[in-house]
Structures are given as C-alpha cells and as structure tokens.
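Containing compact mmCIF, C-alpha atoms: coords-v3.txt.
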```txt
# COMPACT_ATOMS: atom_id res chain seq x y z
CA MET A 9 7.66 8.22 30.49
CA GLY A 10 11.42 7.91 29.98
CA ILE A 11 13.81 7.61 27.07
CA THR A 12 13.81 3.79 27.47
CA TYR A 13 10.06 3.72 26.90
CA ILE A 14 10.39 5.80 23.72
CA LEU A 15 13.29 3.67 22.45
CA GLN A 16 11.33 0.49 23.13
CA ASP A 17 8.33 1.97 21.32
CA GLY A 18 10.57 2.83 18.36
CA LEU A 19 12.08 -0.67 18.30
CA PHE A 20 8.71 -2.42 18.17
CA ALA A 21 7.39 0.08 15.62
CA CYS A 22 10.49 -0.67 13.50
CA LEU A 23 9.71 -4.40 13.61
CA ALA A 24 6.06 -3.68 12.77
CA ALA A 25 7.00 -1.47 9.79
CA ILE A 26 9.43 -4.06 8.41
CA GLY A 27 7.02 -6.96 8.97
CA PHE A 28 3.87 -5.36 7.60
CA GLY A 29 5.94 -3.74 4.82
CA SER A 30 7.24 -7.15 3.75
CA ILE A 31 3.69 -8.15 2.68
CA SER A 32 3.88 -5.42 0.01
CA ASN A 33 7.23 -6.76 -1.25
CA PRO A 34 9.53 -3.73 -0.99
CA PRO A 35 13.12 -4.13 -2.29
CA ARG A 36 14.95 -6.21 0.35
CA ARG A 37 17.99 -3.89 0.51
CA LEU A 38 15.75 -0.97 1.53
CA LEU A 39 13.57 -2.78 4.08
CA PRO A 40 15.70 -1.75 7.12
CA TRP A 41 15.34 1.92 6.11
CA CYS A 42 11.55 1.56 6.09
CA GLY A 43 11.84 0.23 9.66
CA ILE A 44 14.04 3.11 10.82
CA VAL A 45 11.71 5.75 9.35
CA GLY A 46 8.71 3.96 10.88
CA ALA A 47 10.44 3.79 14.27
CA ILE A 48 11.20 7.53 14.31
CA GLY A 49 7.65 8.39 13.21
CA HIS A 50 5.91 6.14 15.73
CA ALA A 51 8.20 7.13 18.61
CA THR A 52 7.51 10.80 17.82
CA ARG A 53 3.75 10.20 17.94
CA THR A 54 4.00 8.23 21.20
CA PHE A 55 6.09 11.01 22.75
CA LEU A 56 3.64 13.72 21.70
CA VAL A 57 0.58 11.78 22.88
CA GLN A 58 1.90 10.36 26.15
CA SER A 59 4.27 13.10 27.35
CA GLU A 60 3.15 16.14 29.34
CA LEU A 61 2.32 17.82 26.03
CA HIS A 62 -0.79 15.56 25.69
CA VAL A 63 -1.14 16.27 21.98
CA HIS A 64 -4.26 14.71 20.43
CA ILE A 65 -3.54 11.52 18.47
CA ILE A 66 -4.77 13.07 15.18
CA ILE A 67 -2.46 16.10 15.46
CA ALA A 68 0.39 13.91 16.72
CA GLY A 69 -0.15 11.63 13.71
CA PHE A 70 0.06 14.64 11.40
CA ILE A 71 3.37 15.76 12.96
CA ALA A 72 4.73 12.20 12.77
CA GLY A 73 3.58 12.11 9.12
CA VAL A 74 5.50 15.31 8.35
CA ILE A 75 8.65 13.84 9.94
CA ILE A 76 8.22 10.57 8.00
CA GLY A 77 7.67 12.63 4.84
CA PHE A 78 10.90 14.60 5.34
CA LEU A 79 12.94 11.48 6.13
CA SER A 80 11.45 9.63 3.15
CA GLN A 81 12.26 12.52 0.83
CA MET A 82 15.86 12.62 2.04
CA LEU A 83 16.27 8.85 1.69
CA ALA A 84 14.58 8.87 -1.73
CA HIS A 85 17.07 11.53 -2.85
CA ARG A 86 20.03 9.52 -1.55
CA LYS A 87 18.90 6.06 -2.66
CA HIS A 88 17.39 7.23 -5.99
CA CYS A 89 13.96 5.68 -5.55
CA PRO A 90 10.38 6.86 -4.92
CA SER A 91 9.72 8.37 -1.50
CA GLU A 92 6.53 6.25 -1.08
CA LEU A 93 8.78 3.23 -0.76
CA PHE A 94 9.89 4.51 2.65
CA SER A 95 6.86 6.49 3.76
CA PHE A 96 4.10 3.92 3.11
CA PRO A 97 5.60 1.00 5.13
CA ALA A 98 6.65 3.52 7.80
CA LEU A 99 3.05 4.69 8.17
CA LEU A 100 1.70 1.13 8.59
CA PRO A 101 2.27 0.87 12.37
CA MET A 102 0.19 4.05 12.74
CA ILE A 103 -2.79 2.85 10.67
CA PRO A 104 -5.69 2.76 13.15
CA GLY A 105 -6.65 -0.88 12.57
CA MET A 106 -8.38 -1.24 15.95
CA TYR A 107 -10.55 1.82 15.25
CA ALA A 108 -11.30 0.49 11.74
CA TYR A 109 -12.71 -2.84 12.77
CA GLY A 110 -14.11 -1.32 15.99
CA THR A 111 -16.35 0.69 13.64
CA VAL A 112 -17.71 -2.44 11.97
CA GLN A 113 -18.07 -4.24 15.30
CA ALA A 114 -20.00 -1.30 16.77
CA LEU A 115 -22.26 -1.32 13.71
CA ILE A 116 -23.00 -5.03 14.11
CA SER A 117 -23.61 -4.63 17.86
CA TYR A 118 -25.90 -1.65 17.24
CA LEU A 119 -27.97 -3.61 14.71
CA GLN A 120 -28.23 -6.51 17.16
CA GLN A 121 -29.32 -4.37 20.12
CA HIS A 122 -31.00 -1.35 18.55
CA GLU A 123 -34.11 -1.86 20.71
CA ASP A 124 -32.20 -1.72 23.98
CA PRO A 125 -32.41 1.94 25.18
CA ILE A 126 -29.22 1.64 27.27
CA THR A 127 -26.74 -0.16 25.01
CA ALA A 128 -27.97 1.04 21.59
CA PRO A 129 -26.88 4.72 22.05
CA ARG A 130 -23.52 3.48 23.35
CA TYR A 131 -22.89 1.41 20.22
CA LEU A 132 -24.07 4.26 17.99
CA ASP A 133 -21.65 6.57 19.77
CA LEU A 134 -18.84 4.01 19.34
CA LEU A 135 -19.72 3.63 15.66
CA ILE A 136 -19.46 7.37 14.97
CA TYR A 137 -16.38 7.84 17.15
CA ASN A 138 -14.41 4.89 15.74
CA GLY A 139 -15.35 5.70 12.14
CA THR A 140 -14.41 9.38 12.47
CA MET A 141 -11.14 8.55 14.22
CA THR A 142 -10.19 6.01 11.53
CA LEU A 143 -10.79 8.45 8.69
CA LEU A 144 -9.19 11.47 10.34
CA ILE A 145 -6.09 9.63 11.59
CA ILE A 146 -5.37 8.16 8.13
CA LEU A 147 -6.16 11.47 6.41
CA MET A 148 -3.86 13.50 8.63
CA LEU A 149 -1.05 10.94 8.41
CA VAL A 150 -1.11 11.08 4.62
CA VAL A 151 -1.51 14.87 4.55
CA GLY A 152 1.54 15.06 6.82
CA VAL A 153 3.59 12.86 4.49
CA THR A 154 2.59 14.98 1.49
CA VAL A 155 3.66 18.30 3.04
CA PRO A 156 7.44 17.84 2.47
CA LYS A 157 6.81 16.83 -1.16
CA THR A 158 6.40 20.50 -1.97
CA LEU A 159 10.17 20.76 -1.63
CA ARG A 160 10.48 18.24 -4.47
CA LEU A 161 13.71 16.70 -3.22
CA SER A 162 13.00 13.20 -4.52
CA ARG A 163 13.03 11.68 -7.98
CA MET B 23 0.64 -2.78 -46.61
CA LYS B 24 3.45 -2.07 -49.09
CA THR B 25 3.41 1.07 -51.17
CA SER B 26 5.85 2.81 -53.48
CA ASN B 27 4.90 6.28 -52.18
CA PRO B 28 7.76 7.49 -49.90
CA GLN B 29 5.41 9.73 -47.88
CA SER B 30 3.05 6.83 -47.27
CA TRP B 31 6.06 4.70 -46.20
CA GLN B 32 7.06 7.37 -43.73
CA GLU B 33 3.50 7.58 -42.38
CA GLN B 34 3.36 3.84 -42.00
CA ASN B 35 6.64 3.85 -40.07
CA THR B 36 5.41 6.70 -37.88
CA HIS B 37 2.21 4.86 -37.12
CA GLN B 38 4.04 1.60 -36.39
CA ARG B 39 6.41 3.45 -34.04
CA LEU B 40 3.49 5.08 -32.23
CA LYS B 41 1.76 1.70 -31.92
CA THR B 42 4.88 0.04 -30.43
CA LEU B 43 5.38 2.95 -28.03
CA CYS B 44 1.73 2.96 -27.00
CA CYS B 45 1.76 -0.79 -26.33
CA PHE B 46 4.89 -0.40 -24.20
CA LEU B 47 3.57 2.62 -22.27
CA SER B 48 0.22 0.92 -21.67
CA ALA B 49 1.89 -2.25 -20.37
CA TYR B 50 4.15 -0.04 -18.22
CA ALA B 51 1.25 1.98 -16.74
CA THR B 52 -0.93 -1.09 -16.06
CA ALA B 53 2.01 -2.87 -14.39
CA MET B 54 2.51 0.16 -12.13
CA LEU B 55 -1.21 0.40 -11.33
CA SER B 56 -1.35 -3.35 -10.60
CA ALA B 57 1.63 -2.95 -8.25
CA GLY B 58 -0.32 -0.32 -6.26
CA THR B 59 1.60 2.79 -7.37
CA THR B 60 -0.05 6.14 -6.73
CA THR B 61 -1.70 7.63 -9.83
CA SER B 62 0.41 10.81 -9.67
CA ARG B 63 3.62 8.76 -9.91
CA ILE B 64 2.25 6.70 -12.83
CA GLU B 65 1.41 9.91 -14.70
CA ARG B 66 4.82 11.43 -13.99
CA CYS B 67 6.73 8.33 -15.10
CA VAL B 68 4.67 7.83 -18.27
CA ASN B 69 5.04 11.50 -19.24
CA ARG B 70 8.78 11.30 -18.59
CA ILE B 71 9.17 8.32 -20.96
CA ALA B 72 6.85 9.79 -23.61
CA SER B 73 8.72 13.07 -23.57
CA ARG B 74 12.07 11.26 -24.07
CA TYR B 75 10.67 9.45 -27.12
CA GLY B 76 9.34 12.75 -28.46
CA VAL B 77 5.63 11.89 -28.41
CA GLY B 78 2.60 13.30 -26.61
CA VAL B 79 0.51 11.12 -24.35
CA ASP B 80 -3.03 11.32 -22.95
CA LEU B 81 -3.55 9.05 -19.97
CA SER B 82 -6.76 8.22 -18.07
CA ILE B 83 -6.37 5.97 -15.05
CA LEU B 84 -9.45 4.04 -13.98
CA PRO B 85 -9.65 1.54 -11.10
CA THR B 86 -8.91 -1.52 -13.27
CA ARG B 87 -8.15 0.01 -16.68
CA VAL B 88 -5.67 2.41 -18.20
CA LEU B 89 -6.82 4.34 -21.28
CA MET B 90 -3.92 5.67 -23.31
CA SER B 91 -3.47 7.65 -26.51
CA VAL B 92 -0.01 8.37 -27.88
CA TRP B 93 0.29 11.31 -30.29
CA HIS B 94 2.87 12.27 -32.85
CA VAL B 95 4.09 15.83 -32.20
CA ASN B 96 2.39 17.14 -35.35
CA HIS B 97 -0.93 15.56 -34.20
CA HIS B 98 -1.44 13.87 -37.61
CA HIS B 99 -1.07 10.40 -36.11
CA TYR B 100 -2.20 8.81 -32.89
CA TYR B 101 -2.67 5.35 -31.43
CA SER B 102 -5.00 4.44 -28.54
CA ILE B 103 -5.12 1.37 -26.35
CA VAL B 104 -6.93 0.15 -23.21
CA GLY B 105 -4.83 -1.76 -20.69
CA GLN B 106 -6.24 -4.05 -18.00
CA THR B 107 -4.66 -4.45 -14.57
CA GLN B 108 -3.65 -7.77 -13.05
CA SER B 109 -4.55 -8.52 -9.44
CA ASP B 110 -1.18 -9.74 -8.17
CA GLY B 111 -1.27 -7.68 -4.97
CA ILE B 112 0.72 -4.62 -3.99
CA ASN B 113 4.36 -4.87 -5.04
CA LEU B 114 6.56 -1.95 -3.95
CA ALA B 115 9.66 -3.52 -5.56
CA VAL B 116 8.04 -3.53 -9.01
CA SER B 117 6.73 0.00 -8.43
CA THR B 118 10.23 1.21 -7.46
CA GLU B 119 12.11 -0.53 -10.25
CA LEU B 120 9.64 0.62 -12.92
CA SER B 121 9.97 4.16 -11.63
CA LEU B 122 13.76 3.83 -11.90
CA LEU B 123 13.36 2.46 -15.45
CA SER B 124 11.65 5.71 -16.46
CA HIS B 125 14.73 7.61 -15.25
CA GLU B 126 17.02 5.17 -17.06
CA ILE B 127 15.09 5.80 -20.30
CA GLU B 128 15.21 9.56 -19.73
CA GLU B 129 18.95 9.57 -19.05
CA TRP B 130 19.82 7.11 -21.83
CA ARG B 131 23.10 7.78 -23.68
CA PRO B 132 24.12 5.90 -26.87
CA THR B 133 26.81 3.26 -26.41
CA GLU B 134 28.99 1.31 -28.85
CA GLU B 135 26.73 -1.72 -28.52
CA VAL B 136 23.48 0.26 -28.75
CA PRO B 137 24.10 3.44 -30.77
CA GLU B 138 20.44 4.58 -30.87
CA PRO B 139 19.83 8.09 -29.48
CA VAL B 140 16.95 6.78 -27.34
CA MET B 141 16.64 3.43 -25.55
CA PRO B 142 15.25 0.92 -28.09
CA ILE B 143 11.66 -0.05 -27.22
CA ALA B 144 12.58 -3.74 -27.39
CA LEU B 145 15.27 -3.19 -24.76
CA ALA B 146 12.91 -1.14 -22.54
CA THR B 147 10.23 -3.83 -22.86
CA ALA B 148 12.71 -6.57 -21.97
CA LYS B 149 13.82 -4.60 -18.89
CA MET B 150 10.19 -4.02 -17.87
CA ASN B 151 9.29 -7.70 -18.27
CA GLY B 152 12.36 -8.65 -16.23
CA ILE B 153 11.25 -6.32 -13.41
CA ILE B 154 7.67 -7.68 -13.43
CA ALA B 155 8.96 -11.28 -13.34
CA THR B 156 11.19 -10.66 -10.29
CA PRO B 157 10.15 -13.12 -7.56
CA ARG B 158 8.60 -11.77 -4.36
CA ILE B 159 10.19 -12.09 -0.90
CA ASN B 160 10.26 -15.73 0.26
CA HIS B 161 6.83 -16.86 1.45
CA TRP B 162 8.11 -18.25 4.78
CA ALA B 163 10.16 -15.12 5.46
CA VAL B 164 7.02 -12.98 4.97
CA ILE B 165 5.05 -15.20 7.38
CA VAL B 166 7.74 -14.86 10.08
CA LEU B 167 8.22 -11.10 9.51
CA THR B 168 4.46 -10.45 9.60
CA SER B 169 4.05 -12.52 12.77
CA VAL B 170 6.90 -10.60 14.43
CA ALA B 171 5.27 -7.35 13.26
CA ASN B 172 1.93 -8.29 14.80
CA LEU B 173 3.68 -9.42 17.98
CA SER B 174 5.27 -5.96 18.11
CA PHE B 175 1.85 -4.39 17.66
CA CYS B 176 0.61 -6.41 20.61
CA GLU B 177 3.46 -5.02 22.72
CA LEU B 178 2.69 -1.47 21.56
CA PHE B 179 -0.93 -1.95 22.71
CA GLY B 180 0.27 -3.08 26.14
CA GLY B 181 0.09 -6.87 25.77
CA ASP B 182 2.14 -9.10 28.08
CA LEU B 183 4.61 -11.79 26.95
CA CYS B 184 1.93 -14.52 26.81
CA ALA B 185 -0.32 -12.27 24.71
CA MET B 186 2.62 -11.57 22.38
CA ALA B 187 3.28 -15.31 21.96
CA ILE B 188 -0.43 -15.95 21.27
CA VAL B 189 -0.49 -13.19 18.64
CA PHE B 190 2.66 -14.56 16.98
CA VAL B 191 1.13 -18.04 16.61
CA ALA B 192 -2.30 -16.70 15.61
CA THR B 193 -0.77 -14.52 12.88
CA ALA B 194 1.55 -17.25 11.56
CA VAL B 195 -1.24 -19.83 11.33
CA GLY B 196 -3.74 -17.32 9.87
CA PHE B 197 -1.22 -16.13 7.26
CA PHE B 198 -0.30 -19.72 6.34
CA TYR B 199 -3.93 -20.65 5.71
CA LYS B 200 -4.55 -17.39 3.87
CA GLU B 201 -1.81 -18.27 1.38
CA LYS B 202 -3.10 -21.85 1.13
CA MET B 203 -6.68 -20.70 0.44
CA LEU B 204 -5.48 -18.18 -2.16
CA SER B 205 -3.56 -20.98 -3.90
CA TRP B 206 -6.85 -22.95 -4.01
CA HIS B 207 -8.36 -19.94 -5.87
CA ILE B 208 -10.95 -19.22 -3.17
CA ASP B 209 -12.47 -15.72 -3.41
CA GLY B 210 -10.21 -13.11 -1.84
CA LYS B 211 -12.87 -11.63 0.44
CA LEU B 212 -13.85 -15.04 1.78
CA VAL B 213 -10.15 -15.77 2.34
CA VAL B 214 -9.82 -12.60 4.47
CA LEU B 215 -12.93 -13.54 6.47
CA LEU B 216 -11.74 -17.11 7.12
CA SER B 217 -8.13 -16.04 7.88
CA ALA B 218 -9.43 -13.47 10.38
CA MET B 219 -11.61 -16.13 11.97
CA ILE B 220 -8.69 -18.57 12.29
CA SER B 221 -6.40 -15.88 13.75
CA ALA B 222 -9.10 -14.65 16.15
CA ILE B 223 -9.96 -18.15 17.41
CA LEU B 224 -6.28 -18.72 18.17
CA GLY B 225 -6.02 -15.18 19.52
CA ALA B 226 -8.82 -16.01 21.99
CA SER B 227 -6.58 -18.63 23.69
CA GLY B 228 -5.83 -16.10 26.41
CA PHE B 229 -9.53 -16.03 27.33
CA ILE B 230 -10.10 -19.77 26.87
CA PHE B 231 -7.07 -21.07 28.80
CA GLY B 232 -6.52 -18.06 31.06
CA ILE B 233 -2.82 -17.86 30.11
CA SER B 234 -2.48 -14.11 29.76
CA THR B 235 -3.20 -11.07 31.91
CA THR B 236 -4.11 -9.11 28.78
CA PRO B 237 -6.26 -11.55 26.75
CA GLU B 238 -8.31 -8.73 25.18
CA THR B 239 -5.13 -7.21 23.68
CA ALA B 240 -4.12 -10.58 22.24
CA LEU B 241 -7.57 -11.07 20.70
CA GLY B 242 -7.80 -7.51 19.36
CA THR B 243 -4.31 -7.58 17.85
CA SER B 244 -4.52 -11.08 16.35
CA VAL B 245 -6.38 -9.85 13.22
CA LEU B 246 -4.54 -6.54 12.74
CA TRP B 247 -2.15 -8.04 10.16
CA LEU B 248 -5.12 -8.22 7.75
CA VAL B 249 -5.86 -4.46 7.88
CA PRO B 250 -5.16 -3.16 4.33
CA GLY B 251 -2.90 -0.29 5.40
CA ILE B 252 -1.24 0.44 2.05
CA ARG B 253 -4.64 0.49 0.30
CA PHE B 254 -5.96 3.03 2.83
CA ILE B 255 -2.85 5.20 2.40
CA ASN B 256 -2.96 4.94 -1.41
CA ALA B 257 -6.66 5.86 -1.43
CA VAL B 258 -6.15 9.00 0.66
CA SER B 259 -3.02 9.90 -1.32
CA ASP B 260 -4.95 9.66 -4.63
CA MET B 261 -7.84 11.62 -3.13
CA LEU B 262 -5.52 14.46 -2.12
CA ARG B 263 -4.28 14.67 -5.72
CA GLY B 264 -7.80 14.86 -7.16
CA GLN B 265 -7.89 11.28 -8.53
CA TYR B 266 -11.29 10.69 -6.96
CA LEU B 267 -12.34 7.69 -9.04
CA VAL B 268 -9.26 5.58 -8.28
CA ALA B 269 -9.27 6.88 -4.69
CA GLN B 270 -12.89 5.80 -4.22
CA SER B 271 -12.17 2.40 -5.74
CA ARG B 272 -9.15 1.82 -3.51
CA MET B 273 -10.99 3.05 -0.42
CA SER B 274 -13.97 0.77 -1.20
CA GLU B 275 -11.61 -2.18 -1.59
CA ALA B 276 -9.93 -1.37 1.73
CA LEU B 277 -13.31 -0.97 3.48
CA ILE B 278 -14.60 -4.28 2.10
CA ILE B 279 -11.46 -6.05 3.38
CA THR B 280 -11.93 -4.39 6.79
CA ILE B 281 -15.60 -5.48 6.88
CA CYS B 282 -14.58 -9.05 5.97
CA LEU B 283 -11.96 -9.20 8.71
CA SER B 284 -14.41 -7.75 11.24
CA MET B 285 -16.97 -10.40 10.27
CA GLY B 286 -14.30 -13.07 10.68
CA LEU B 287 -13.58 -11.70 14.16
CA CYS B 288 -17.31 -11.66 15.03
CA LEU B 289 -17.69 -15.28 13.83
CA ALA B 290 -14.73 -16.28 16.01
CA LEU B 291 -16.38 -14.56 19.01
CA LEU B 292 -19.63 -16.42 18.29
CA ILE B 293 -17.81 -19.77 18.05
CA THR B 294 -15.75 -19.20 21.22
CA LYS B 295 -18.74 -17.55 22.98
CA ILE B 296 -16.60 -14.67 24.20
CA GLN B 297 -18.25 -11.31 25.04
CA TRP B 298 -15.78 -8.66 23.89
CA VAL B 299 -16.28 -5.24 22.36
```
Structure re-expressed in structure tokens:
Amino acid sequence: MGITYILQDGLFACLAAIGFGSISNPPRRLLPWCGIVGAIGHATRTFLVQSELHVHIIIAGFIAGVIIGFLSQMLAHRKHCPSELFSFPALLPMIPGMYAYGTVQALISYLQQHEDPITAPRYLDLLIYNGTMTLLIILMLVVGVTVPKTLRLSR
Amino acid sequence: MKTSNPQSWQEQNTHQRLKTLCCFLSAYATAMLSAGTTTSRIERCVNRIASRYGVGVDLSILPTRVLMSVWHVNHHHYYSIVGQTQSDGINLAVSTELSLLSHEIEEWRPTEEVPEPVMPIALATAKMNGIIATPRINHWAVIVLTSVANLSFCELFGGDLCAMAIVFVATAVGFFYKEKMLSWHIDGKLVVLLSAMISAILGASGFIFGISTTPETALGTSVLWLVPGIRFINAVSDMLRGQYLVAQSRMSEALIITICLSMGLCLALLITKIQWV
C-alpha cells in the first residue's frame, strides 16, 4: 500500500463527503471544507486498517473520528460556524451502510431458512456480527468526534 | 385590556414582552430541531439568546415538539408554548445560520438606525424567517453530486469502472424518482423502499448483462446513497449527551429507513432472481 493508494482513497472519500453532504444542504461556500476533512479522516482510517499496523476498523474509526473532530473544531473556530457542519458530512463516507443493510438482509434470510441446520446458524451469525459492527462503528466514530470538543475551541 | 393602574400597565408590558420572546424562541428552537440540529446546540443557542434578552428559559426537547417556558428574572411572570417541528429534511445551512444568528443577537450593539440596547425581536424574527426561507442547493446539482458520491463509494469498495458507471446511473435514476415520488406526496418510507428497488434493479445490470468484473460491488453500493448517515450520527451524538428520548426517536427513524431500503433491495433481488448475500 503506497502513498498513491492513500491519496486516491482520500480523493474518492472527499467526493463522497461532498456528494452525500449535499443532500443535507450545507452552506455551499463550506462544502469543499467538508470534503477535505472527510478525505483526511477516511484516508487515515484506510491507512490504519490496511497498513502493517492492521488496526481494527472500530479503533481506526475512533482515531479517524478524533482527527475529524480536531479539524472540524479548528475550521469552526476560523469560519465562525458550528463544528458539526464539517464533522457530520465528513463522517458520512465512514458510515457502515453495507453492515447496516447486511443486518436486515441476514435477518430476512434467517427467517426464510431457519429450519435449515447448515445455513440458519450462518445467517444468525451474520445478523449478530453485522448489527454489532454497525452500532460500534457509528458509536466510536461519534465518540471520536466528541473528544476534541472538550477543548471548546468552536463557537 | 386597558387600565389606569401604572403597575398593571407595567405588568401587561412585561407579559407581552415575555410572550413575544417566547414565540420567537419557540419558533427558533423548532426550526433548529426540524433542520436536524443536535439537542445540545439548540439548548446552547436558546440559552444564549434568552440570556441576552435578560430572561430565564426552561426548554424540553421532544422528538417532534419543543416545550418552552420563558421567565421574567423575578419569577412573577412566565409564558409557555409548545412548538411543533416541520418535516422538511435535514438542513445544515439553516442549522448553521440560525446558530450564527444567536451569536449576532448576543453581540448586538446599538446603531444610529436601531438604537435599542438589544436586537429588536421583530428584526430577529425577520432574520430567522429569511434564513428558513433560503432555497436549498439546486435539485439537479444534488442528484449529480450524490451520484458522484456513490460512484466514489463503489471505487472505495473495489468496484471496477463498469461497476462505477452502473452505480452512477442507478443512483441518479433512483434519486430522480425519489424526488418525483416525494412531490406526489407518497409516504416517505414507501418512497425509500421504491427508490432502493429502482436503484438496485439498475445496480444489478452487472449481473444481468455481464458487463462488470465486480457486479456484486455495483449491486451492494447502488442503494448506499439512501443510508440515513446524518440521522445515525445525530442519534448517537444526542445519546452521548444524555438526550435519550430524542436519540431513540432519531435512531428509530434511521433504522426504519434502513429496513425500508433493505426491503427494496430484497424486492429487487426477487424480481431479478439474483442470489446475493
């Protein structure tokens, strides 16, 4: 995994943060900043997960959340606006959407095949795993973003 | 009610002032809640404004209501009101500008044109209404930006160029019909289900026509634009600050949307007869 891979990851995460952020109608002048913060956060998580460090995605998400929190606080202080404006769209590319609907899909599959002794335990396992991952990833991302708020840099 | 008693006059003025302030603060708090602002920020902004106007405020934020009482400092007068939220979707611009308005009110200095020591309520209300009426980002721009965002997601999940193109089209078409269905006043949950189904059917093109080496990534990513990310984040953020009722409401809303989009995906798999989990 080289620097090009990380930069590419950051670029696509930037586009994702801007695009998904636009649905929530942030102020247009600040949209690029949401993208930059999102890019740094996502690239950090990718580096931690896929480098030789092999950090678990939940812990890596927490660290990325802390970095996003710090950057959002600094930008909020400079641009005189709430820090959530930067942090929330920046977190969007890291929301575990696949795990979230994987949970519901596993539930449906389990209900369909609960009498099959081979596939039923597999779907039950998927249901618990996906559900737990969804909750913990989101929780740790938001906890990470909240940590820098203790410094109370923003308005 | 007119009276010749000066004390009664003063009380009437005090009560009228409290009523005007309470109506403004209630409209302000409900607008912020409707825009998807975190409860802690709503409380901070409302307290900031109330403190500048020299009144006390008690605020209870419920999932779709805001209960507010504004008190005179001597606690002889109060006015209470219940505000109801509007479901116009999350609006970070409104949330930001209303937050900035609270600072503007706090830092208000008298001018030659407006010599009052505090910002007149009429002026604050006019500014608030102007912020709420600000148009959203152009509808077509949002469709393109969201489609590019989902395309980027597909790349991040390892999709090839064909898969990225499929996801772009699937998102654009799904989003277009979502907006159309919402304009026809179809129920929001049904809209999510149908939009997910449309996006997933188009996202399955890789499987149907064999035009991608990563068709499962295209299909899996095609509905991700519907995942209510901000609602999930807001819910956890409120939960961490002890606002369990609003947190639970926001989390339930996010989960229901996720269930609807998953059902839309399952329906698409049934229609296209694709085995994919």
Subject >> Closest of B:Met261, B:Val77, B:Val170, B:Met141 to chain A - atom-to-atom distances counting all atoms listed in the file >> reply: B:Val170
Distance query Ser32 in chain A at most 8 Å, only C-alpha atoms, self and fewer than 3 positions along chain excluded, as an mmCIF file with C-alpha atoms, keeping the file's coordinate frame:
```cif
data_model
loop_
_atom_site.group_PDB
_atom_site.id
_atom_site.type_symbol
_atom_site.label_atom_id
_atom_site.label_comp_id
_atom_site.auth_asym_id
_atom_site.auth_seq_id
_atom_site.Cartn_x
_atom_site.Cartn_y
_atom_site.Cartn_z
ATOM 1 C CA PHE A 28 3.870 -5.360 7.600
ATOM 2 C CA GLY A 29 5.940 -3.740 4.820
ATOM 3 C CA GLY B 111 -1.270 -7.680 -4.970
ATOM 4 C CA ILE B 112 0.720 -4.620 -3.990
ATOM 5 C CA ASN B 113 4.360 -4.870 -5.040
ATOM 6 C CA LEU B 114 6.560 -1.950 -3.950
#
```
**OP:** Show me which bits of chain A are within 6 Å of chain B, counting only C-alpha atoms, as a list in words.
**Re:**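 Every residue meeting the condition is included here: Phe20, Leu23, Ala24, Gly27, Phe28, Ser30, Ser32, Asn33, Pro34, Pro35, Leu100, Gly105 and Tyr109 of chain A.
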Give as an mmCIF file with C-alpha atoms, keeping the file's coordinate frame the set of residues within 10 Å of the point (-3.3, -11.2, -7.5), where distances use the file's coordinates and all atoms listed in the file.
```cif
data_model
loop_
_atom_site.group_PDB
_atom_site.id
_atom_site.type_symbol
_atom_site.label_atom_id
_atom_site.label_comp_id
_atom_site.auth_asym_id
_atom_site.auth_seq_id
_atom_site.Cartn_x
_atom_site.Cartn_y
_atom_site.Cartn_z
ATOM 1 C CA SER B 56 -1.350 -3.350 -10.600
ATOM 2 C CA ALA B 57 1.630 -2.950 -8.250
ATOM 3 C CA THR B 107 -4.660 -4.450 -14.570
ATOM 4 C CA GLN B 108 -3.650 -7.770 -13.050
ATOM 5 C CA SER B 109 -4.550 -8.520 -9.440
ATOM 6 C CA ASP B 110 -1.180 -9.740 -8.170
ATOM 7 C CA GLY B 111 -1.270 -7.680 -4.970
ATOM 8 C CA ILE B 112 0.720 -4.620 -3.990
ATOM 9 C CA LEU B 204 -5.480 -18.180 -2.160
ATOM 10 C CA GLY B 210 -10.210 -13.110 -1.840
#
```
Original post:
Counting all atoms listed in the file, what is within 10 Å of Ile116 in chain A, bar same-chain residues fewer than 4 positions away, as a PyMOL selection string?
Top reply: (chain A and resi 110-112+120-122+131+135) or (chain B and resi 284-285+288)
**OP:** Measure the distance from CA of Val155 in chain A to CA of Ile75 in chain A in Å and round it to one decimal.
**Re:** 9.6 Å
Subject >> Pick from B:Ile127, B:Ala226, B:Glu135, B:Leu212 nearest to Thr147 in chain B, counting all atoms listed in the file >> reply: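 Closest to Thr147 in chain B of all the choices is B:Ile127.
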Subject >> Residues near Cys89 in chain A, cut-off 9 Å, all atoms listed in the file, skip fewer than 2 positions along chain, as number ranges by chain >> reply: A: 83-87, 91-93, 162-163; B: 118-119, 121-122
Per-axis box centre and lengths in Å around range 121-129 of chain A, 6 Å margin per side, axis-aligned, as lines of an AutoDock Vina configuration file:
```
center_x = -30.4
center_y = 0.2
center_z = 22.9
size_x = 19.4
size_y = 21.1
size_z = 20.7
```
